[in-house]
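A.B. asks: This is the structure, below, for whatever I ask next.
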Amino acid sequence: MRKLFIFISLITISSYSQKKMITPPYLQKGDTIAIVSTARKNIEDNLKPTIDLIEGWGLNVKIGKTIGLDYYQLAGTDDQRAADFQEQMDNPNIKAIWCVRGGYGTVKIIDKLDFTKFKQNPKWIIGFSDVTVLHSHLNRMGIESIHGTMPVAIARATDDAKNSLCAALFGDKLEYKLDCDALNHIGKAKGELVGGNLSILFSLLGSPSAIDCEDKILFIEDLDEYLYHIDRMMMNLKRNGCLGGLKGIIVGAMTEMKDNEIPWGRNALEIIEDTVKGLDIPIIYNFPAGHIRDNRSLIFGRQVTIEVTASESKVVFE
């Protein structure tokens, strides 16, 4: 009986790891995007560039109730932020939810959300940084999402960043070609893309929203961290078994890193390289995504092929 149970369990685990991710419906002209805040407050009058962009794509905009709320650092209380997000998830007329900014606070509402209707009628969730909480949670539910620039950044975002988000939302081909970085690891791999902000991924380990890295391609980026914190977080991922089963890694921007009075001795990319150098997988460094103006969109949960040669790197989404 015990052998039979183990066999059945292995089948279940294998089936789970091979399940097909759900792609929310791509947007069409006339659809509506809701802008909400799951974390830091947005009380400035700064959304006109974003509204103009959305309307230029032939879409409509709904401003959520959390925009303009002021609760210390946050866009309203946890209950207010959860209620706004829940309303947009359950509203059949809303086809995508765009988180206005990051900061901190999404993790405080994730367990207040009911995804029952969302799983029946999924829609695109867009954002990065603290929105990694939602990306990772949705990935464990088997639903794709978009890691991309956010409304507060549109005024200074590059055309490539904005165009890549448009392509992801409307189902156009998403493909990137980059010059080769000196730290890159040559190779080719195909797998499901997961990841987001390194600090958030680190903080989610051990929770129901923890990242599943087995046979995946991992993307990471971060902002405003001490260098030894980067080392600590990478070592934690390694010791939790999150690196050994990867098929590839894409390292985005490591922006505005800080050092102590006594230097750590390596920059952020060198710290990451020191942690992953023994892995026989392709690795791309300095991918244009993260806390930078040129924040190119990525579809988490989507099968992606990465190819690294001595002259260039390619990232191609199915």
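Residues in the structure tokens are named by chain (A, B, ... in the order shown) and by number from 1 within that chain; ligands are numbered from 1 in the order shown.
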What are the DSSP strand (DSSP E) residues of region 44-288 of chain A, as a PyMOL selection string?
C.D. replies: chain A and resi 60-63+94-99+124-127+145-147+175-179+187-197+216-223+248-255+283-284
A.B. asks: Skipping near chain neighbours, those fewer than 2 positions away, what residues fall within 7 Å of region 290-303 of chain A using only C-alpha atoms, listed as a ChimeraX atom specification?
C.D. replies: /A:21,139,143-149,156-158,160-161,164-165,190-194,221-223,252-253,255,288,305,317-318
A.B. asks: Please produce an output containing N, CA and C atoms for each residue in the selection, written as a compact mmCIF listing (two decimals), in the first residue's frame.
C.D. replies:
```txt
# COMPACT_ATOMS: atom_id res chain seq x y z
N MET A 21 0.00 26.29 -18.28
CA MET A 21 -0.40 27.54 -17.65
C MET A 21 -1.58 28.16 -18.39
N ASN A 139 1.44 32.47 -10.23
CA ASN A 139 2.17 31.38 -10.86
C ASN A 139 1.88 30.06 -10.18
N ILE A 143 -1.54 30.63 -13.49
CA ILE A 143 -2.02 31.71 -14.34
C ILE A 143 -0.88 32.65 -14.69
N GLU A 144 -0.77 33.01 -15.97
CA GLU A 144 0.28 33.91 -16.43
C GLU A 144 0.00 35.35 -15.98
N SER A 145 1.08 36.13 -15.89
CA SER A 145 0.96 37.55 -15.54
C SER A 145 2.10 38.31 -16.20
N ILE A 146 2.04 39.64 -16.15
CA ILE A 146 3.01 40.46 -16.87
C ILE A 146 3.86 41.27 -15.91
N HIS A 147 5.17 41.04 -15.96
CA HIS A 147 6.14 41.84 -15.23
C HIS A 147 6.53 43.00 -16.15
N GLY A 148 6.13 44.22 -15.78
CA GLY A 148 6.40 45.34 -16.66
C GLY A 148 6.31 46.67 -15.94
N THR A 149 6.58 47.72 -16.66
CA THR A 149 6.57 49.07 -16.09
C THR A 149 5.20 49.41 -15.52
N ARG A 156 8.47 58.68 -17.80
CA ARG A 156 9.91 58.60 -18.07
C ARG A 156 10.33 57.26 -18.69
N ALA A 157 9.37 56.40 -18.95
CA ALA A 157 9.69 55.09 -19.53
C ALA A 157 10.11 55.24 -20.99
N THR A 158 10.98 54.33 -21.44
CA THR A 158 11.41 54.35 -22.83
C THR A 158 10.28 53.85 -23.73
N ASP A 160 10.63 51.54 -25.88
CA ASP A 160 10.74 50.07 -25.89
C ASP A 160 10.00 49.46 -24.71
N ALA A 161 10.09 50.10 -23.56
CA ALA A 161 9.38 49.59 -22.38
C ALA A 161 7.87 49.63 -22.60
N SER A 164 6.74 47.17 -25.46
CA SER A 164 6.78 45.76 -25.07
C SER A 164 5.58 45.41 -24.21
N LEU A 165 5.13 46.35 -23.38
CA LEU A 165 3.92 46.10 -22.59
C LEU A 165 2.70 46.00 -23.49
N LYS A 190 15.10 26.08 -22.72
CA LYS A 190 13.68 26.42 -22.83
C LYS A 190 12.98 26.02 -21.55
N GLY A 191 12.14 26.91 -21.06
CA GLY A 191 11.41 26.60 -19.84
C GLY A 191 10.43 27.71 -19.50
N GLU A 192 9.68 27.49 -18.46
CA GLU A 192 8.70 28.48 -18.00
C GLU A 192 9.42 29.58 -17.24
N LEU A 193 9.10 30.82 -17.55
CA LEU A 193 9.73 31.97 -16.90
C LEU A 193 9.00 32.31 -15.61
N VAL A 194 9.78 32.44 -14.52
CA VAL A 194 9.24 32.83 -13.22
C VAL A 194 10.18 33.88 -12.62
N GLU A 221 15.63 40.85 -10.26
CA GLU A 221 16.09 42.24 -10.29
C GLU A 221 15.93 42.79 -8.88
N ASP A 222 16.56 43.96 -8.61
CA ASP A 222 16.37 44.56 -7.29
C ASP A 222 16.81 46.02 -7.29
N LEU A 223 16.46 46.71 -6.20
CA LEU A 223 16.70 48.14 -6.05
C LEU A 223 17.08 48.44 -4.61
N GLY A 252 18.21 40.92 -14.30
CA GLY A 252 17.87 42.26 -14.75
C GLY A 252 18.70 43.31 -14.04
N ALA A 253 18.15 44.50 -13.94
CA ALA A 253 18.88 45.63 -13.35
C ALA A 253 19.02 45.46 -11.84
N THR A 255 19.80 48.05 -9.28
CA THR A 255 19.85 49.51 -9.32
C THR A 255 20.10 50.12 -7.94
N PRO A 288 17.45 44.27 -19.78
CA PRO A 288 16.78 45.54 -19.53
C PRO A 288 15.38 45.38 -18.92
N THR A 305 12.40 30.68 -24.60
CA THR A 305 13.70 30.12 -24.99
C THR A 305 14.75 31.21 -24.83
N PHE A 317 9.71 34.50 -26.47
CA PHE A 317 8.52 33.95 -25.83
C PHE A 317 7.67 33.20 -26.84
N GLU A 318 7.10 32.07 -26.42
CA GLU A 318 6.21 31.30 -27.30
C GLU A 318 4.94 32.08 -27.58
```
A.B. asks: Which of region 133-201 of chain A counts as alpha helix (DSSP H) under DSSP, as a list in words please?
C.D. replies: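 The alpha helix (DSSP H) residues within region 133-201 of chain A come out as Val133, Leu134, His135, Ser136, His137, Leu138, Asn139, Arg140, Met141, Asp159, Asp160, Ala161, Lys162, Asn163, Ser164, Leu165, Cys166, Ala167, Ala168, Leu169, Phe170, Leu198, Ser199, Ile200 and Leu201 of chain A.
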A.B. asks: Got a sec: who's within 12 Å of Thr77 (chain A), counting only C-alpha atoms, leaving out chain neighbours fewer than 3 positions off, as a ChimeraX atom specification?
C.D. replies: /A:37-41,65-66,69-74,80-84,105-106,108-109
A.B. asks: Rounded to one decimal, what separation in Å do you get between CA of His135 (chain A) and CA of Leu279 (chain A)?
C.D. replies: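 One can read the CA of His135 (chain A) to CA of Leu279 (chain A) distance as 25.2 Å.
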A.B. asks: I'd like the interatomic distance between CA of Ile249 (chain A) and CA of His185 (chain A), to a tenth of an Å.
C.D. replies: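 Distance between the two atoms: 9.4 Å.
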A.B. asks: Can you measure CA of Leu47 (chain A) to CA of Ala168 (chain A) for me? One decimal in Å is fine.
C.D. replies: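 Going from CA of Leu47 (chain A) over to CA of Ala168 (chain A) covers 21.0 Å.
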A.B. asks: Which residue, A:Ile94, A:Val304, A:Leu237, A:Val276, has the smallest gap to Tyr176 (chain A) when you use only C-alpha atoms?
C.D. replies: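 Closest to Tyr176 (chain A), using only C-alpha atoms: A:Val304.
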